[in-house]
Amino acid sequence: MRPKPVIPAAATALTGAEAAVPLSDLDRRIVAALQINGRATWQQVANVVGASESAVSRRANRMIKQGVLRVFAAADPLLCGLGYPVLLQIECAVGAAGAVARTLAARPDVRFVALLGGGYDLVVELIVPSRAHLTAVLVEELNTVPGIVRTTTENVVRTFKTSYDWGRTLLGDAAALLDRPPETASPPELDDIDLRLIQLLTADGRSSVTDLAERLAVSESMARRRLEQLTASGCLRFGTLIDSELLGYHWELFVWLGVDLGCLDRIARELATHPEVRYVSATAGYSDLACEVVLRDHEDLYRFNTEVLGSLEGVNRVEIGTELHTVKRAYVNVSTRYGVPEARLL
């Protein structure tokens with residue numbers, strides 16, 4: 001029997017009390033570099049951002065300590081056999097959205113929650129191990145949450161992109177120096193060591209191999225080999241959580257597309273080529289494609305709507321929800337406004 005999904009014990013609210021302090025240009029470039037490769041050495045980051053290794057290490061560790069950023073590992077639930085993603089759109093009673101978000105964010109099977117402006121009040125991502133689990137959530141458990149008026153559901157049938165490197169344009173062409181090699185290995189059959197390794201790296205994506213080996217009670221060569229297998233197969237990817245506004249991006253959107261099904265694969269792959277697109281998946285239910293976008297300002301939003309979405313042949317419906325506030329991302333509670341745990345990391 002496949003082990004149950006591992007939810008990291010450290011996936012709790014980040015404090016980020018210093019997050020409102022503006023970052024310098026060098027700080028922003030360091031963050032952008034870690035978005036591309038969260039386990040890059042400080043020397044690799046220094047070569048890309050044009051600073052000394054000591055300056056990069058000092059500034060990055062300060063931001064990590066202050067809660068401005070967090071490097072973490074994200075397990076692919078499908079490849080790891082831990083479940084599959086389901087997206088929920090939720091309409092709430094007036095004034096109830098914050099309380100509903102707080103309740104749902106506390107669930108261990110919820111990976112993402114955001115408050116929206118648009119047709120729905122919340123978008124939620126569940127990772128469910130079975131259809132029976134999903135049935136229990138939809139039929140029984142959501143009915144016990146006060147304030148939920150209406151929900152729609154869509155199964156994620158294929159994910160084309162999940163990325164945290166939307167800030168890579170801050171680095172220009174040098175960003176390519178940090179790109180990780182393509183994923184070529186087949187997913188391994190995970191055992192308890194793999195699952196514990198995922199748990200440790202989800203809590204701290206920059207944990208050294210020496211520290212991982214010690215905590216797993218295995219040799220460094222085994223810890224390194226397991227880590228390489230997980231990353232080469234795509235079972236494990238590294239990301240960096242940061243308040244998007246600190247990098248100069250003021251719009252986060254969730255976009256649902258209705259498309260001609262014969263064009264779905266082409267449209268999804270085209271969207272995935274754009275650095276501002278953080279997430280793209282093919283869905284069955286409320287929409288045909290769902291994507292998340294990070295943009296700089298109103299002009300950037302206009303450009304994306306007209307030049308990117310407007311150029312896609314085969315799209316017959318577009319619905320956009322503005323992410324007013326992200327509550328939980330990658331299993332981490334990242335906000336405390338509107339009655340949910342406080343921190344500014346998104």
# chains A, B, ... in the order shown; residues from 1 in each chain; ligands from 1

$ residues_around --residues "stretch 229-240 of chain A" --least-positions-apart "2" --cutoff "6 Å" --atoms "only C-alpha atoms" --output "MDAnalysis selection string"
chainID A and resid 35 38 70:76 79:80 164 183:187 226:227

$ closest_atom_pairs --of "stretch 142-256 of chain A" --to "stretch 292-314 of chain A" --cutoff "8 Å" --atoms "only C-alpha atoms" --output "tab-separated table"
residue	atom	partner	partner_atom	distance
A:Trp166	CA	A:Val294	CA	7.0
A:Ser244	CA	A:Val294	CA	7.8
A:Gly248	CA	A:Arg296	CA	6.1
A:Tyr249	CA	A:Arg296	CA	3.9
A:His250	CA	A:Arg296	CA	5.2
A:Trp251	CA	A:Leu295	CA	5.0
A:Glu252	CA	A:Val294	CA	4.6
A:Leu253	CA	A:Val293	CA	5.1
A:Phe254	CA	A:Glu292	CA	4.5
A:Val255	CA	A:Glu292	CA	6.1

$ select_by_dssp --residues "stretch 135-230 of chain A" --states "helix (DSSP H, G or I)" --output "PyMOL selection string"
chain A and resi 135-144+168-178+192-203+209-216+220-230

$ residues_around --residues "A:Gly285" --least-positions-apart "3" --cutoff "7 Å" --atoms "only C-alpha atoms" --output "ChimeraX atom specification"
/A:153-155

$ write_last_selection --atoms "C-alpha atoms" --output "mmCIF file, in the first residue's frame"
data_model
loop_
_atom_site.group_PDB
_atom_site.id
_atom_site.type_symbol
_atom_site.label_atom_id
_atom_site.label_comp_id
_atom_site.auth_asym_id
_atom_site.auth_seq_id
_atom_site.Cartn_x
_atom_site.Cartn_y
_atom_site.Cartn_z
ATOM 1 C CA THR A 153 -14.997 21.369 -8.930
ATOM 2 C CA GLU A 154 -12.505 20.394 -11.591
ATOM 3 C CA ASN A 155 -10.047 17.525 -11.653
#

$ closest_residue --among "A:Ala330, A:Ile267, A:Leu134, A:Val218" --to "A:Ala203" --atoms "only C-alpha atoms"
A:Ala330

$ atom_distance --atom1 "atom CA of A:Gly147" --atom2 "atom CA of A:Gly258"
28.5 Å

$ residues_around --residues "A:Gly321" --least-positions-apart "4" --cutoff "12 Å" --atoms "only C-alpha atoms" --output "list in words"
Gln89, Ile90, Ala114, Leu115, Leu116, Gly117, Gly118, Gly119, Tyr120, Asp121, Leu122, Val123, Trp251, Glu252, Leu253, Phe254, Val255, Trp256, Leu257, Ala290, Cys291, Glu292, Val293 and His325 of chain A

$ closest_atom_pairs --of "stretch 168-254 of chain A" --to "stretch 23-27 of chain A" --cutoff "12 Å" --atoms "only C-alpha atoms" --output "CSV"
residue,atom,partner,partner_atom,distance
A:Leu170,CA,A:Asp25,CA,9.1
A:Leu171,CA,A:Leu26,CA,10.3
A:Ile242,CA,A:Leu23,CA,11.4
A:Asp243,CA,A:Leu23,CA,11.1
A:Ser244,CA,A:Leu23,CA,11.7
A:Glu245,CA,A:Leu23,CA,10.3
A:Leu246,CA,A:Leu23,CA,6.6
A:Leu247,CA,A:Leu23,CA,7.9
A:Gly248,CA,A:Leu23,CA,10.0

$ write_last_selection --atoms "N, CA, C and O atoms" --output "PDB file, in the first residue's frame"
ATOM      1  N   LEU A 170      14.329  39.626 -14.200  1.00  0.00           N
ATOM      2  CA  LEU A 170      15.212  40.546 -13.486  1.00  0.00           C
ATOM      3  C   LEU A 170      16.683  40.236 -13.751  1.00  0.00           C
ATOM      4  O   LEU A 170      17.558  41.084 -13.529  1.00  0.00           O
ATOM      5  N   LEU A 171      16.974  39.035 -14.248  1.00  0.00           N
ATOM      6  CA  LEU A 171      18.358  38.609 -14.473  1.00  0.00           C
ATOM      7  C   LEU A 171      18.765  38.660 -15.927  1.00  0.00           C
ATOM      8  O   LEU A 171      19.950  38.467 -16.244  1.00  0.00           O
ATOM      9  N   ILE A 242       8.050  34.140  -2.068  1.00  0.00           N
ATOM     10  CA  ILE A 242       8.367  35.555  -1.854  1.00  0.00           C
ATOM     11  C   ILE A 242       7.114  36.362  -2.134  1.00  0.00           C
ATOM     12  O   ILE A 242       6.316  36.006  -3.002  1.00  0.00           O
ATOM     13  N   ASP A 243       6.912  37.423  -1.413  1.00  0.00           N
ATOM     14  CA  ASP A 243       5.824  38.346  -1.704  1.00  0.00           C
ATOM     15  C   ASP A 243       6.099  38.966  -3.075  1.00  0.00           C
ATOM     16  O   ASP A 243       7.116  39.629  -3.282  1.00  0.00           O
ATOM     17  N   SER A 244       5.226  38.738  -4.028  1.00  0.00           N
ATOM     18  CA  SER A 244       5.465  39.177  -5.401  1.00  0.00           C
ATOM     19  C   SER A 244       5.666  40.686  -5.501  1.00  0.00           C
ATOM     20  O   SER A 244       6.423  41.170  -6.353  1.00  0.00           O
ATOM     21  N   GLU A 245       5.022  41.454  -4.632  1.00  0.00           N
ATOM     22  CA  GLU A 245       5.162  42.905  -4.691  1.00  0.00           C
ATOM     23  C   GLU A 245       6.587  43.352  -4.368  1.00  0.00           C
ATOM     24  O   GLU A 245       7.025  44.413  -4.819  1.00  0.00           O
ATOM     25  N   LEU A 246       7.318  42.549  -3.598  1.00  0.00           N
ATOM     26  CA  LEU A 246       8.690  42.910  -3.272  1.00  0.00           C
ATOM     27  C   LEU A 246       9.595  42.868  -4.497  1.00  0.00           C
ATOM     28  O   LEU A 246      10.660  43.485  -4.518  1.00  0.00           O
ATOM     29  N   LEU A 247       9.175  42.144  -5.528  1.00  0.00           N
ATOM     30  CA  LEU A 247       9.939  42.097  -6.776  1.00  0.00           C
ATOM     31  C   LEU A 247       9.337  42.996  -7.843  1.00  0.00           C
ATOM     32  O   LEU A 247       9.792  43.001  -8.984  1.00  0.00           O
ATOM     33  N   GLY A 248       8.301  43.757  -7.482  1.00  0.00           N
ATOM     34  CA  GLY A 248       7.705  44.691  -8.427  1.00  0.00           C
ATOM     35  C   GLY A 248       6.562  44.127  -9.240  1.00  0.00           C
ATOM     36  O   GLY A 248       6.178  44.718 -10.253  1.00  0.00           O
TER      37      GLY A 248
END

$ select_by_dssp --residues "stretch 88-318 of chain A" --states "strand (DSSP E or B)" --output "ChimeraX atom specification"
/A:88-92,110-117,122-128,148-162,236-242,251-259,277-285,289-295,315-318

$ write_last_selection --atoms "C-alpha atoms" --output "CSV table (one decimal), in the first residue's frame"
chain,number,residue,atom,x,y,z
A,88,LEU,CA,-12.4,24.1,-6.1
A,89,GLN,CA,-14.0,27.5,-6.8
A,90,ILE,CA,-16.0,28.6,-3.8
A,91,GLU,CA,-18.6,31.3,-3.4
A,92,CYS,CA,-19.1,32.5,0.2
A,110,VAL,CA,-5.2,21.6,1.0
A,111,ARG,CA,-2.1,22.8,-0.8
A,112,PHE,CA,-3.3,26.2,-2.0
A,113,VAL,CA,-5.9,28.8,-1.0
A,114,ALA,CA,-6.4,32.3,-2.3
A,115,LEU,CA,-9.1,35.0,-1.9
A,116,LEU,CA,-10.4,36.2,-5.2
A,117,GLY,CA,-12.1,39.1,-6.8
A,122,LEU,CA,-11.9,31.5,-3.2
A,123,VAL,CA,-9.9,29.1,-5.3
A,124,VAL,CA,-8.6,26.1,-3.4
A,125,GLU,CA,-6.4,23.2,-4.5
A,126,LEU,CA,-6.9,19.8,-2.8
A,127,ILE,CA,-4.5,16.8,-3.1
A,128,VAL,CA,-6.7,13.8,-2.7
A,148,ILE,CA,-19.9,28.3,1.9
A,149,VAL,CA,-22.8,29.1,-0.5
A,150,ARG,CA,-21.7,27.3,-3.7
A,151,THR,CA,-18.8,25.3,-5.1
A,152,THR,CA,-17.6,24.1,-8.4
A,153,THR,CA,-15.0,21.4,-8.9
A,154,GLU,CA,-12.5,20.4,-11.6
A,155,ASN,CA,-10.0,17.5,-11.7
A,156,VAL,CA,-6.5,18.3,-12.8
A,157,VAL,CA,-5.8,15.8,-15.5
A,158,ARG,CA,-2.4,17.0,-16.6
A,159,THR,CA,-0.1,19.7,-15.3
A,160,PHE,CA,2.0,21.5,-18.0
A,161,LYS,CA,3.8,23.9,-15.8
A,162,THR,CA,4.3,24.7,-12.1
A,236,LEU,CA,10.8,16.8,-6.5
A,237,ARG,CA,11.2,20.4,-7.6
A,238,PHE,CA,12.5,23.4,-5.7
A,239,GLY,CA,10.9,26.8,-5.4
A,240,THR,CA,11.2,30.0,-3.5
A,241,LEU,CA,8.3,31.7,-1.8
A,242,ILE,CA,8.4,35.6,-1.9
A,251,TRP,CA,-1.0,41.5,-10.1
A,252,GLU,CA,-1.6,37.8,-9.4
A,253,LEU,CA,-4.4,36.3,-11.4
A,254,PHE,CA,-6.2,32.9,-11.7
A,255,VAL,CA,-7.4,32.3,-15.2
A,256,TRP,CA,-9.9,29.7,-16.4
A,257,LEU,CA,-10.2,29.0,-20.2
A,258,GLY,CA,-12.8,27.2,-22.2
A,259,VAL,CA,-11.1,25.9,-25.4
A,277,VAL,CA,2.6,32.1,-16.3
A,278,ARG,CA,3.3,30.3,-13.0
A,279,TYR,CA,1.0,27.4,-13.4
A,280,VAL,CA,-0.9,25.7,-16.3
A,281,SER,CA,-3.0,22.5,-16.1
A,282,ALA,CA,-5.6,20.7,-18.2
A,283,THR,CA,-8.8,20.3,-16.2
A,284,ALA,CA,-12.1,18.4,-16.4
A,285,GLY,CA,-15.1,20.1,-14.9
A,289,LEU,CA,-7.5,24.9,-18.8
A,290,ALA,CA,-6.6,26.7,-15.6
A,291,CYS,CA,-3.6,28.9,-15.2
A,292,GLU,CA,-2.0,31.3,-12.7
A,293,VAL,CA,-0.3,34.5,-13.8
A,294,VAL,CA,2.0,37.0,-12.1
A,295,LEU,CA,2.2,40.5,-13.7
A,315,VAL,CA,-10.1,29.8,-27.0
A,316,ASN,CA,-13.8,30.4,-26.6
A,317,ARG,CA,-14.2,31.5,-23.0
A,318,VAL,CA,-11.9,33.4,-20.5

$ atom_distance --atom1 "atom CA of A:Ala40" --atom2 "atom CA of A:Ser57"
11.3 Å

$ closest_residue --among "A:Ile30, A:Tyr84, A:Arg39, A:Glu319" --to "A:Val209" --atoms "only C-alpha atoms"
A:Arg39

$ closest_atom_pairs --of "stretch 161-242 of chain A" --to "stretch 42-45 of chain A" --cutoff "10 Å" --atoms "only C-alpha atoms" --output "Markdown table"
| residue | atom | partner | partner_atom | distance |
| --- | --- | --- | --- | --- |
| A:Ala175 | CA | A:Val45 | CA | 9.7 |
| A:Leu177 | CA | A:Gln44 | CA | 8.5 |
| A:Leu178 | CA | A:Gln44 | CA | 7.6 |

$ write_last_selection --atoms "N, CA, C and O atoms" --output "compact mmCIF listing (two decimals), in the first residue's frame"
# COMPACT_ATOMS: atom_id res chain seq x y z
N ALA A 175 19.97 34.46 -16.54
CA ALA A 175 19.09 33.52 -15.84
C ALA A 175 19.29 32.10 -16.33
O ALA A 175 19.18 31.13 -15.56
N LEU A 177 21.85 30.49 -16.95
CA LEU A 177 22.98 29.81 -16.32
C LEU A 177 22.55 29.00 -15.10
O LEU A 177 23.29 28.10 -14.67
N LEU A 178 21.39 29.31 -14.55
CA LEU A 178 20.92 28.62 -13.35
C LEU A 178 19.86 27.57 -13.66
O LEU A 178 19.42 26.85 -12.76

$ atom_distance --atom1 "atom CA of A:Asp194" --atom2 "atom CA of A:Asp211"
15.0 Å
